[in-house]
>>> print(open('entry-v6.txt').read())   # compact mmCIF, C-alpha atoms
# COMPACT_ATOMS: atom_id res chain seq x y z
CA MET C 7 13.52 216.76 74.66
CA ASN C 8 13.72 213.01 74.94
CA ALA C 9 11.82 209.88 74.03
CA LEU C 10 8.80 210.98 76.04
CA HIS C 11 8.88 214.51 74.67
CA PRO C 12 9.99 214.31 71.03
CA GLN C 13 8.46 217.61 69.96
CA PRO C 14 9.04 220.92 71.67
CA MET C 15 5.77 222.57 72.61
CA HIS C 16 5.72 226.30 72.59
CA VAL C 17 4.34 227.50 75.86
CA SER C 18 4.94 230.47 78.04
CA PRO C 19 3.68 229.69 81.48
CA ALA C 20 1.66 232.40 83.10
CA GLY C 21 1.21 233.26 86.73
CA TRP C 22 3.29 231.74 89.48
CA PRO C 23 4.57 228.74 87.47
CA GLY C 24 5.92 231.31 85.04
CA ASP C 25 7.61 233.12 87.91
CA ILE C 26 9.43 229.91 88.91
CA PHE C 27 10.38 229.22 85.29
CA ALA C 28 11.73 232.74 84.84
CA ALA C 29 13.75 232.45 88.06
CA LEU C 30 15.23 229.11 86.97
CA LYS C 31 16.08 230.55 83.56
CA ALA C 32 17.72 233.60 85.08
CA ALA C 33 19.81 231.33 87.30
CA ARG C 34 20.84 229.19 84.30
CA VAL C 35 19.43 226.00 85.81
CA ARG C 36 19.94 223.26 83.23
CA GLN C 37 18.72 219.94 84.63
CA VAL C 38 15.16 219.88 85.93
CA ALA C 39 14.15 216.52 87.37
CA TYR C 40 10.56 215.82 88.23
CA VAL C 41 7.95 213.31 89.15
CA PRO C 42 4.83 214.08 87.14
CA ASP C 43 2.54 216.35 89.11
CA GLY C 44 -0.50 218.42 88.23
CA GLY C 45 0.67 221.45 90.20
CA HIS C 46 3.93 221.53 88.27
CA ALA C 47 2.42 220.62 84.90
CA GLU C 48 2.84 224.05 83.28
CA LEU C 49 6.39 224.38 84.54
CA ILE C 50 7.26 220.89 83.29
CA ARG C 51 5.89 221.73 79.84
CA ALA C 52 7.95 224.91 79.75
CA VAL C 53 11.11 223.04 80.75
CA HIS C 54 10.67 220.51 77.96
CA ALA C 55 10.06 223.29 75.46
CA ASP C 56 13.27 225.09 76.41
CA THR C 57 16.35 223.96 74.52
CA ALA C 58 18.67 225.23 77.27
CA MET C 59 17.08 222.89 79.81
CA ILE C 60 16.87 219.13 80.19
CA GLY C 61 13.60 217.85 81.62
CA ILE C 62 14.23 214.56 83.40
CA PRO C 63 11.16 212.52 84.33
CA LEU C 64 11.82 210.21 87.27
CA THR C 65 10.14 207.04 88.37
CA THR C 66 10.41 208.05 92.03
CA GLU C 67 11.50 211.15 93.87
CA GLU C 68 14.65 209.84 95.53
CA GLU C 69 16.16 209.34 92.10
CA GLY C 70 15.97 213.11 91.76
CA VAL C 71 17.95 213.75 94.92
CA ALA C 72 20.84 211.63 93.66
CA LEU C 73 20.51 213.00 90.14
CA VAL C 74 20.68 216.68 91.06
CA SER C 75 23.67 215.96 93.30
CA GLY C 76 25.44 214.36 90.37
CA ALA C 77 24.44 217.20 88.09
CA TRP C 78 26.11 219.67 90.36
CA LEU C 79 29.25 217.52 90.73
CA GLY C 80 29.44 217.64 86.94
CA GLY C 81 28.97 221.38 86.76
CA ASP C 82 25.26 221.83 86.05
CA ARG C 83 22.75 223.68 88.16
CA ALA C 84 19.75 221.43 88.73
CA CYS C 85 16.52 221.30 90.70
CA LEU C 86 13.87 218.78 91.63
CA LEU C 87 10.12 219.26 91.22
CA MET C 88 7.86 217.08 93.28
CA GLN C 89 4.70 216.83 95.33
CA SER C 90 4.56 216.61 99.11
CA SER C 91 3.64 212.93 98.89
CA GLY C 92 7.06 212.27 97.38
CA VAL C 93 9.08 213.94 100.11
CA GLY C 94 8.80 210.92 102.35
CA ASN C 95 10.32 208.79 99.61
CA CYS C 96 13.48 210.89 99.77
CA VAL C 97 14.34 210.94 103.45
CA ASN C 98 17.30 208.54 103.43
CA MET C 99 18.53 209.88 100.11
CA PHE C 100 18.76 213.33 101.71
CA SER C 101 21.79 211.95 103.57
CA LEU C 102 23.61 212.34 100.26
CA ILE C 103 22.93 216.07 100.34
CA LYS C 104 23.96 216.32 103.97
CA ASN C 105 27.18 214.36 103.51
CA MET C 106 28.32 215.75 100.20
CA GLY C 107 27.09 219.30 100.53
CA GLY C 108 26.63 221.59 97.61
CA PRO C 109 23.39 223.16 96.50
CA PHE C 110 20.06 221.38 96.65
CA LEU C 111 16.87 223.03 95.50
CA THR C 112 13.42 221.54 95.28
CA PHE C 113 10.00 223.02 94.57
CA VAL C 114 7.25 221.06 96.28
CA THR C 115 3.57 221.42 95.48
CA MET C 116 1.64 220.73 98.65
CA ARG C 117 -1.24 218.31 98.98
CA GLY C 118 -3.14 217.26 102.03
CA GLU C 119 -3.14 220.59 103.84
CA TRP C 120 -6.03 222.71 102.54
CA GLY C 121 -9.41 221.34 101.58
CA GLU C 122 -7.92 217.99 100.64
CA PHE C 123 -10.47 215.44 99.49
CA ASN C 124 -8.09 212.48 99.65
CA PRO C 125 -7.11 211.53 103.22
CA TRP C 126 -4.15 209.49 101.89
CA GLN C 127 -2.43 212.78 101.03
CA VAL C 128 -2.80 214.24 104.49
CA PRO C 129 -0.05 212.39 106.43
CA MET C 130 2.78 213.48 104.12
CA GLY C 131 1.21 216.87 103.57
CA THR C 132 1.32 217.39 107.31
CA ALA C 133 4.81 215.94 107.79
CA THR C 134 6.54 217.53 104.79
CA PRO C 135 8.04 220.63 106.48
CA ASP C 136 9.24 218.57 109.45
CA ALA C 137 10.66 215.86 107.18
CA PHE C 138 12.79 218.45 105.40
CA ARG C 139 13.87 220.06 108.65
CA LEU C 140 14.73 216.69 110.19
CA MET C 141 17.20 216.16 107.38
CA GLY C 142 18.68 219.65 107.60
CA ILE C 143 16.96 221.17 104.60
CA HIS C 144 15.86 224.78 104.90
CA VAL C 145 12.18 225.37 104.22
CA LEU C 146 10.71 228.38 102.44
CA ARG C 147 7.02 228.71 101.75
CA ALA C 148 4.77 230.58 99.36
CA SER C 149 1.03 230.66 100.01
CA GLU C 150 -0.16 233.31 97.57
CA PRO C 151 0.75 233.86 93.93
CA HIS C 152 2.68 237.05 94.54
CA GLU C 153 4.91 235.24 97.07
CA VAL C 154 6.14 232.58 94.63
CA GLY C 155 8.57 234.69 92.63
CA PRO C 156 10.34 236.10 95.69
CA ALA C 157 10.44 232.65 97.33
CA ALA C 158 11.93 231.14 94.17
CA ALA C 159 14.53 233.90 93.99
CA ALA C 160 15.40 233.46 97.66
CA GLY C 161 15.70 229.69 97.32
CA ILE C 162 17.83 229.99 94.22
CA ARG C 163 20.13 232.46 95.93
CA MET C 164 20.54 230.29 99.02
CA ALA C 165 21.15 227.17 96.97
CA TYR C 166 23.34 228.24 94.08
CA GLU C 167 25.11 231.19 95.67
CA GLY C 168 25.26 229.85 99.21
CA GLY C 169 25.49 226.11 98.64
CA SER C 170 22.54 225.42 100.94
CA ALA C 171 19.85 222.77 100.73
CA VAL C 172 16.49 224.46 100.25
CA ALA C 173 12.91 223.34 99.75
CA VAL C 174 10.34 225.85 98.50
CA LEU C 175 6.89 224.67 99.53
CA LEU C 176 4.03 225.83 97.30
CA SER C 177 0.88 225.82 99.39
CA GLN C 178 -2.19 223.95 98.32
CA GLN C 179 -4.09 227.23 98.19
CA LEU C 180 -2.01 228.08 95.12
CA ILE C 181 -2.92 224.94 93.27
CA GLY C 182 -6.39 224.44 94.64
CA ALA C 183 -7.75 221.29 96.17
CA LYS C 184 -8.45 218.60 93.62
CA VAL C 185 -12.18 218.14 93.13
CA PHE C 186 -13.54 214.64 92.74
CA VAL C 187 -17.10 214.10 91.60
CA LYS C 188 -18.93 210.89 92.28
CA MET O 24 21.88 178.96 98.94
CA SER O 25 25.41 177.65 98.79
CA GLU O 26 28.14 179.02 101.00
CA ASN O 27 30.46 181.75 99.82
CA SER O 28 32.52 179.28 97.85
CA ASP O 29 30.98 179.85 94.45
CA SER O 30 33.89 179.58 92.05
CA THR O 31 31.94 180.14 88.85
CA GLY O 32 31.97 183.92 89.03
CA LEU O 33 34.71 186.39 88.22
CA ASP O 34 37.06 187.97 90.75
CA ARG O 35 35.47 191.36 91.46
CA ARG O 36 38.78 193.10 92.12
CA ALA O 37 40.28 191.81 88.87
CA VAL O 38 37.20 192.96 86.96
CA VAL O 39 37.17 196.46 88.43
CA ALA O 40 40.93 196.85 88.11
CA ARG O 41 40.72 195.93 84.43
CA LEU O 42 37.77 198.21 83.74
CA LEU O 43 39.55 201.18 85.30
CA ALA O 44 43.09 200.39 84.10
CA ASP O 45 43.01 202.83 81.17
CA ARG O 46 40.49 205.20 82.67
CA GLY O 47 41.66 208.44 81.11
CA ASP O 48 39.06 211.12 81.82
CA LEU O 49 36.56 208.65 83.21
CA ILE O 50 34.42 209.75 86.17
CA VAL O 51 33.47 206.88 88.48
CA VAL O 52 30.55 206.82 90.92
CA THR O 53 30.57 203.94 93.38
CA GLY O 54 27.65 202.25 95.08
CA LEU O 55 27.87 201.74 98.80
CA GLY O 56 29.55 198.68 100.21
CA SER O 57 31.91 196.43 98.32
CA PRO O 58 31.88 198.29 94.98
CA THR O 59 33.26 201.33 96.81
CA TYR O 60 36.08 199.18 98.22
CA ASP O 61 36.68 197.58 94.81
CA VAL O 62 37.09 200.96 93.12
CA ALA O 63 39.31 202.22 95.93
CA ALA O 64 41.42 199.07 95.65
CA ALA O 65 41.95 199.82 91.95
CA GLY O 66 43.49 203.13 93.00
CA ASP O 67 42.18 206.28 94.61
CA HIS O 68 41.51 208.95 92.01
CA ASP O 69 40.41 212.57 91.85
CA ARG O 70 37.50 211.58 89.63
CA ASN O 71 36.10 208.96 91.99
CA VAL O 72 32.80 209.77 93.68
CA TYR O 73 32.42 207.39 96.59
CA LEU O 74 28.91 206.89 97.90
CA TRP O 75 28.81 205.36 101.35
CA GLY O 76 25.06 205.50 101.61
CA ALA O 77 22.18 206.89 99.53
CA MET O 78 21.42 203.32 98.55
CA GLY O 79 19.77 203.08 95.17
CA GLY O 80 21.23 206.37 93.99
CA ALA O 81 24.54 205.52 92.33
CA ALA O 82 23.25 205.05 88.77
CA VAL O 83 21.15 208.22 88.75
CA CYS O 84 23.90 210.23 90.44
CA ALA O 85 26.10 209.11 87.56
CA LEU O 86 23.33 210.09 85.12
CA GLY O 87 23.34 213.63 86.53
CA ILE O 88 27.08 213.87 85.95
CA ALA O 89 26.80 212.33 82.48
CA LEU O 90 24.14 214.84 81.40
CA ALA O 91 26.23 217.70 82.78
CA ARG O 92 29.36 216.54 80.91
CA PRO O 93 28.22 214.79 77.74
CA ASP O 94 31.77 214.54 76.35
CA THR O 95 33.21 212.77 79.39
CA PRO O 96 32.68 209.05 79.96
CA VAL O 97 30.94 208.32 83.25
CA VAL O 98 30.56 204.94 84.91
CA ALA O 99 28.63 203.82 87.95
CA VAL O 100 30.10 200.76 89.66
CA THR O 101 27.55 199.26 91.98
CA GLY O 102 26.18 196.01 93.32
CA ASP O 103 23.13 193.92 92.65
CA GLY O 104 21.54 194.88 95.97
CA GLU O 105 21.79 198.59 95.29
CA MET O 106 20.59 198.24 91.71
CA LEU O 107 17.55 196.28 92.85
CA MET O 108 16.66 199.21 95.10
CA GLY O 109 16.83 201.65 92.19
CA MET O 110 15.55 199.65 89.24
CA GLY O 111 13.36 202.51 88.10
CA SER O 112 16.53 204.40 87.27
CA PHE O 113 17.01 202.07 84.29
CA ALA O 114 13.89 203.64 82.80
CA THR O 115 14.98 207.14 83.80
CA ILE O 116 18.34 206.59 82.07
CA ALA O 117 16.63 205.07 79.03
CA VAL O 118 14.46 208.15 78.54
CA GLN O 119 17.55 210.38 78.51
CA GLN O 120 19.74 208.04 76.40
CA PRO O 121 23.03 209.54 77.62
CA LYS O 122 25.76 208.50 75.19
CA ASN O 123 28.48 208.55 77.82
CA LEU O 124 27.06 206.52 80.72
CA THR O 125 27.80 202.92 81.66
CA VAL O 126 26.32 201.19 84.69
CA ILE O 127 28.38 198.24 85.92
CA VAL O 128 26.48 195.98 88.30
CA LEU O 129 28.74 193.59 90.20
CA ASP O 130 26.34 190.73 90.80
CA ASN O 131 27.20 188.05 93.32
CA GLY O 132 23.60 187.41 94.31
CA LEU O 133 24.34 188.55 97.83
CA TYR O 134 24.05 191.47 100.18
CA GLY O 135 27.66 191.15 101.31
CA GLU O 136 27.67 194.19 103.57
CA THR O 137 24.89 192.93 105.79
CA GLY O 138 25.80 189.30 106.29
CA GLY O 139 25.42 187.69 102.92
CA GLN O 140 21.68 187.44 102.58
CA ALA O 141 20.55 186.27 99.16
CA SER O 142 19.54 188.98 96.73
CA HIS O 143 16.71 188.78 94.24
CA THR O 144 19.11 188.23 91.34
CA ALA O 145 18.79 184.52 92.03
CA VAL O 146 15.58 184.94 90.04
CA ALA O 147 15.56 188.54 88.76
CA ASP O 148 17.46 189.30 85.54
CA LEU O 149 18.82 192.83 85.94
CA ALA O 150 20.22 192.99 82.41
CA GLY O 151 16.88 191.84 81.05
CA ILE O 152 15.11 194.47 83.10
CA ALA O 153 17.51 197.14 81.85
CA LYS O 154 16.93 196.08 78.26
CA ALA O 155 13.19 195.96 78.72
CA SER O 156 13.40 199.44 80.27
CA GLY O 157 14.82 200.78 77.02
CA ILE O 158 18.59 200.41 77.35
CA ALA O 159 19.55 198.64 74.14
CA ASP O 160 23.06 197.67 75.24
CA ALA O 161 22.34 195.65 78.35
CA ARG O 162 24.68 192.70 78.72
CA VAL O 163 25.67 189.94 81.08
CA VAL O 164 29.40 189.46 81.53
CA THR O 165 30.68 186.09 82.68
CA ASP O 166 34.31 185.88 81.50
CA MET O 167 37.37 188.09 81.29
CA ASP O 168 37.22 188.28 77.51
CA ALA O 169 33.87 190.00 77.86
CA VAL O 170 35.39 192.25 80.51
CA GLU O 171 37.95 193.33 77.91
CA GLY O 172 35.15 194.27 75.56
CA LEU O 173 33.37 196.10 78.34
CA ALA O 174 36.54 198.02 79.21
CA ALA O 175 36.65 199.37 75.67
CA ARG O 176 32.95 200.27 75.90
CA VAL O 177 33.37 202.08 79.24
CA GLY O 178 36.06 204.39 77.90
CA ALA O 179 34.28 205.21 74.66
CA SER O 180 31.62 207.83 75.20
CA GLY O 181 29.24 208.33 72.37
CA GLN O 182 27.61 204.93 71.95
CA GLY O 183 24.57 205.36 74.13
CA PRO O 184 23.94 204.05 77.61
CA CYS O 185 25.17 200.61 78.60
CA VAL O 186 24.27 198.38 81.52
CA ALA O 187 26.61 195.48 82.22
CA VAL O 188 25.75 192.90 84.85
CA VAL O 189 29.03 191.23 85.75
CA LYS O 190 28.71 187.88 87.44
CA ILE O 191 31.27 187.83 90.23
CA ASP O 192 32.12 185.20 92.80
CA ARG O 193 30.96 185.37 96.37
CA ALA O 194 34.33 185.58 98.03
CA GLU O 195 34.76 188.41 100.50
CA GLN O 196 37.70 190.67 99.80
CA GLU O 197 39.78 192.71 102.17
CA ARG O 198 38.13 196.07 102.67
CA VAL O 199 39.93 199.00 101.11
CA LEU O 200 38.30 202.04 102.61
CA PRO O 201 38.47 205.37 100.81
CA THR O 202 37.53 208.59 102.57
CA ARG O 203 34.05 208.79 103.99
CA ASP O 204 34.14 212.59 103.85
CA GLY O 205 31.68 213.41 101.09
CA HIS O 206 32.53 217.10 101.23
CA ALA O 207 36.18 216.27 100.52
CA VAL O 208 35.09 214.10 97.61
CA ARG O 209 32.86 216.84 96.25
CA ILE O 210 35.65 219.41 96.43
CA ARG O 211 38.19 217.10 94.85
CA VAL O 212 35.95 216.05 91.97
CA ARG O 213 34.86 219.58 91.18
CA GLN O 214 38.47 220.77 91.20
CA ALA O 215 39.51 217.87 88.98
CA LEU O 216 36.84 218.95 86.50
CA GLY O 217 38.02 222.54 86.56
CA LEU O 218 34.95 223.76 88.42
CA SER O 219 34.68 226.12 91.37
CA VAL O 220 34.58 224.34 94.71
CA ASP O 221 31.26 225.92 95.68
>>> encode(input="entry-v6.txt", output="structure tokens")
Amino acid sequence: MNALHPQPMHVSPAGWPGDIFAALKAARVRQVAYVPDGGHAELIRAVHADTAMIGIPLTTEEEGVALVSGAWLGGDRACLLMQSSGVGNCVNMFSLIKNMGGPFLTFVTMRGEWGEFNPWQVPMGTATPDAFRLMGIHVLRASEPHEVGPAAAAGIRMAYEGGSAVAVLLSQQLIGAKVFVK
Amino acid sequence: MSENSDSTGLDRRAVVARLLADRGDLIVVTGLGSPTYDVAAAGDHDRNVYLWGAMGGAAVCALGIALARPDTPVVAVTGDGEMLMGMGSFATIAVQQPKNLTVIVLDNGLYGETGGQASHTAVADLAGIAKASGIADARVVTDMDAVEGLAARVGASGQGPCVAVVKIDRAEQERVLPTRDGHAVRIRVRQALGLSVD
């Protein structure tokens, strides 16, 4: 809860967002930083409704990279929720992860890769896996709903038990291409 | 712009040394460049987190620590150039209202690390921006009496977030270089906080 979310809303996310939420809960992740995103909307609502978690809205994604690094230095498990368009904003900030080590976990909803109406989403949608790999961040991917839970569990294990930097990409097929009507 | 002979600002080393003199449990995150050297010059410490890059990230890195340890005072010591790159973090901090976080911006109006180019603080009011972003205690510090007051504020967690823009002079100081090994810093800080290394 915070100034933007003064009242807890009781929600129990269903489907694959619920699988991510359950995995984060089971791993005792406390700080969840995010840039507002339709694909993560249910998960974000659930985080704000959970008194054991702190939902931290960001103004830009690279804030989240620095924030989750600090969270872990202080003893909290944290993760970053963002959209593929935000990954490019983070590239230099990923040097913090590379230099300081420790866990890094992000869940990225993909745009610009499957039936995308907006061509401005396509460049980062195409470059997102390579951008992560360029900066030494391991990429996992889930394309169908039943793959999300196992991918979340695998990412959580690699990050918090292994100290690795991991991005779990959630394919656009999961979210569906945004439909614009003239 | 005038040359680096501005004598109206405070001595950055004296300011940082005073702010950290009675640091107690304080955790300090430094912004890249001169603030890192200033904090190192005040004395290396197990609870110092030196950032040598990740420009724009010092204040929010400190926020992550502050939220993880709400009973421990946390301070970010950074420069005007870095803060300009991460101004949105004022709003991010304001939404969270951490009681134990202070952001000290050492403002000489210059990018000292890259040859002294003028920064936007010649016209941009960082304390005003912080206040307008929702940080009620956003202050400009121009004399050592105000530094004394700020030192008391830094050590006292529980009063809400504070942003202090400290007007420093433009003199270059001898570089005092702490370790650049971020992994070593991570391990040392976590151990100092009684946490597992990994």
>>> interface_residues(input="entry-v6.txt", of="chain O", to="chain C", cutoff="7 Å", atoms="all atoms listed in the file", output="PDB file with C-alpha atoms, in the frame of the given file")
ATOM      1  CA  ALA O  77      22.180 206.890  99.530  1.00  0.00           C
ATOM      2  CA  GLY O  80      21.230 206.370  93.990  1.00  0.00           C
ATOM      3  CA  VAL O  83      21.150 208.220  88.750  1.00  0.00           C
ATOM      4  CA  CYS O  84      23.900 210.230  90.440  1.00  0.00           C
ATOM      5  CA  ALA O  85      26.100 209.110  87.560  1.00  0.00           C
ATOM      6  CA  LEU O  86      23.330 210.090  85.120  1.00  0.00           C
ATOM      7  CA  GLY O  87      23.340 213.630  86.530  1.00  0.00           C
ATOM      8  CA  ILE O  88      27.080 213.870  85.950  1.00  0.00           C
ATOM      9  CA  ALA O  91      26.230 217.700  82.780  1.00  0.00           C
ATOM     10  CA  ARG O  92      29.360 216.540  80.910  1.00  0.00           C
ATOM     11  CA  GLY O 111      13.360 202.510  88.100  1.00  0.00           C
ATOM     12  CA  SER O 112      16.530 204.400  87.270  1.00  0.00           C
ATOM     13  CA  THR O 115      14.980 207.140  83.800  1.00  0.00           C
ATOM     14  CA  VAL O 118      14.460 208.150  78.540  1.00  0.00           C
ATOM     15  CA  GLN O 119      17.550 210.380  78.510  1.00  0.00           C
ATOM     16  CA  GLY O 205      31.680 213.410 101.090  1.00  0.00           C
ATOM     17  CA  HIS O 206      32.530 217.100 101.230  1.00  0.00           C
ATOM     18  CA  ARG O 209      32.860 216.840  96.250  1.00  0.00           C
ATOM     19  CA  VAL O 212      35.950 216.050  91.970  1.00  0.00           C
ATOM     20  CA  ARG O 213      34.860 219.580  91.180  1.00  0.00           C
ATOM     21  CA  LEU O 218      34.950 223.760  88.420  1.00  0.00           C
ATOM     22  CA  ASP O 221      31.260 225.920  95.680  1.00  0.00           C
TER      23      ASP O 221
END
>>> atom_distance(input="entry-v6.txt", atom1="CA of Ala173 (chain C)", atom2="CA of Ala82 (chain O)")
23.7 Å
>>> residues_near_point(input="entry-v6.txt", point="(3.1, 224.4, 99.9)", cutoff="8 Å", atoms="only C-alpha atoms", output="number ranges by chain")
C: 90, 114-117, 147-149, 174-180
>>> atom_distance(input="entry-v6.txt", atom1="CA of Met59 (chain C)", atom2="CA of Arg34 (chain C)")
8.6 Å
>>> atom_distance(input="entry-v6.txt", atom1="CA of Tyr60 (chain O)", atom2="CA of Val199 (chain O)")
4.8 Å
>>> closest_residue(input="entry-v6.txt", among="O:Val52, O:Gly76, O:Val126, O:Ser142", to="Leu173 (chain O)", atoms="all atoms listed in the file")
O:Val126
>>> closest_residue(input="entry-v6.txt", among="C:Gly182, C:Val35, C:Glu153, C:Gly94", to="Pro129 (chain C)", atoms="all atoms listed in the file")
C:Gly94
>>> residues_around(input="entry-v6.txt", residues="region 164-168 of chain O", least_positions_apart="6", cutoff="8 Å", atoms="only C-alpha atoms", output="count of residues only")
8
>>> residues_around(input="entry-v6.txt", residues="Gly183 (chain O)", least_positions_apart="5", cutoff="9 Å", atoms="only C-alpha atoms", output="PyMOL selection string")
chain O and resi 120-125+158-160
>>> residues_around(input="entry-v6.txt", residues="Gly138 (chain O)", least_positions_apart="2", cutoff="12 Å", atoms="all atoms listed in the file", output="MDAnalysis selection string")
chainID O and resid 26:27 56 133:136 140:142 193 195
>>> closest_residue(input="entry-v6.txt", among="C:Leu140, C:Ala157, C:Val128, C:Val38", to="Leu90 (chain O)", atoms="only C-alpha atoms")
C:Val38
>>> residues_around(input="entry-v6.txt", residues="Leu49 (chain O)", least_positions_apart="2", cutoff="10 Å", atoms="all atoms listed in the file", output="ChimeraX atom specification")
/O:43,45-47,51-52,70-71,95-98,123,177-180
>>> closest_residue(input="entry-v6.txt", among="C:Pro23, C:Leu111, C:His46, C:Ala29", to="Ala158 (chain C)", atoms="only C-alpha atoms")
C:Ala29
>>> closest_residue(input="entry-v6.txt", among="O:Asp204, O:Asp94, O:Asp103, O:Asp61", to="Arg36 (chain O)", atoms="all atoms listed in the file")
O:Asp61
>>> decode(input="entry-v6.txt", residues="region 50-57 of chain C", atoms="all heavy atoms", output="short mmCIF file (atom, residue, chain, number, x, y, z; two decimals), in the first residue's frame")
data_model
loop_
_atom_site.label_atom_id
_atom_site.label_comp_id
_atom_site.auth_asym_id
_atom_site.auth_seq_id
_atom_site.Cartn_x
_atom_site.Cartn_y
_atom_site.Cartn_z
N ILE C 50 0.07 -7.08 -10.57
CA ILE C 50 0.32 -5.84 -9.83
C ILE C 50 -0.78 -5.61 -8.79
O ILE C 50 -0.51 -5.25 -7.65
CB ILE C 50 0.42 -4.65 -10.82
CG1 ILE C 50 1.73 -4.75 -11.63
CG2 ILE C 50 0.34 -3.31 -10.07
CD1 ILE C 50 1.78 -3.83 -12.84
N ARG C 51 -2.02 -5.85 -9.19
CA ARG C 51 -3.13 -5.69 -8.23
C ARG C 51 -2.95 -6.64 -7.05
O ARG C 51 -3.16 -6.27 -5.89
CB ARG C 51 -4.47 -5.96 -8.91
CG ARG C 51 -5.05 -4.75 -9.62
CD ARG C 51 -6.54 -4.95 -9.94
NE ARG C 51 -6.75 -6.00 -10.93
CZ ARG C 51 -6.71 -5.80 -12.25
NH1 ARG C 51 -6.51 -4.58 -12.73
NH2 ARG C 51 -6.90 -6.79 -13.09
N ALA C 52 -2.56 -7.86 -7.35
CA ALA C 52 -2.39 -8.85 -6.27
C ALA C 52 -1.26 -8.45 -5.33
O ALA C 52 -1.36 -8.63 -4.11
CB ALA C 52 -2.12 -10.23 -6.88
N VAL C 53 -0.19 -7.91 -5.89
CA VAL C 53 0.94 -7.48 -5.06
C VAL C 53 0.50 -6.38 -4.10
O VAL C 53 0.80 -6.40 -2.91
CB VAL C 53 2.12 -7.00 -5.95
CG1 VAL C 53 3.14 -6.22 -5.13
CG2 VAL C 53 2.77 -8.18 -6.65
N HIS C 54 -0.24 -5.41 -4.62
CA HIS C 54 -0.67 -4.30 -3.77
C HIS C 54 -1.66 -4.76 -2.70
O HIS C 54 -1.79 -4.12 -1.66
CB HIS C 54 -1.28 -3.17 -4.61
CG HIS C 54 -0.23 -2.28 -5.22
ND1 HIS C 54 0.56 -1.45 -4.47
CD2 HIS C 54 0.16 -2.12 -6.51
CE1 HIS C 54 1.40 -0.80 -5.28
NE2 HIS C 54 1.17 -1.19 -6.52
N ALA C 55 -2.38 -5.83 -2.99
CA ALA C 55 -3.36 -6.32 -2.02
C ALA C 55 -2.73 -7.19 -0.94
O ALA C 55 -3.37 -7.52 0.04
CB ALA C 55 -4.45 -7.11 -2.75
N ASP C 56 -1.47 -7.54 -1.12
CA ASP C 56 -0.81 -8.48 -0.20
C ASP C 56 0.03 -7.70 0.81
O ASP C 56 0.95 -6.97 0.44
CB ASP C 56 0.08 -9.44 -1.00
CG ASP C 56 0.53 -10.61 -0.14
OD1 ASP C 56 1.17 -10.39 0.90
OD2 ASP C 56 0.22 -11.76 -0.52
N THR C 57 -0.30 -7.87 2.08
CA THR C 57 0.39 -7.08 3.11
C THR C 57 1.85 -7.51 3.31
O THR C 57 2.62 -6.77 3.91
CB THR C 57 -0.34 -7.18 4.45
OG1 THR C 57 -0.48 -8.56 4.78
CG2 THR C 57 -1.71 -6.52 4.36
#
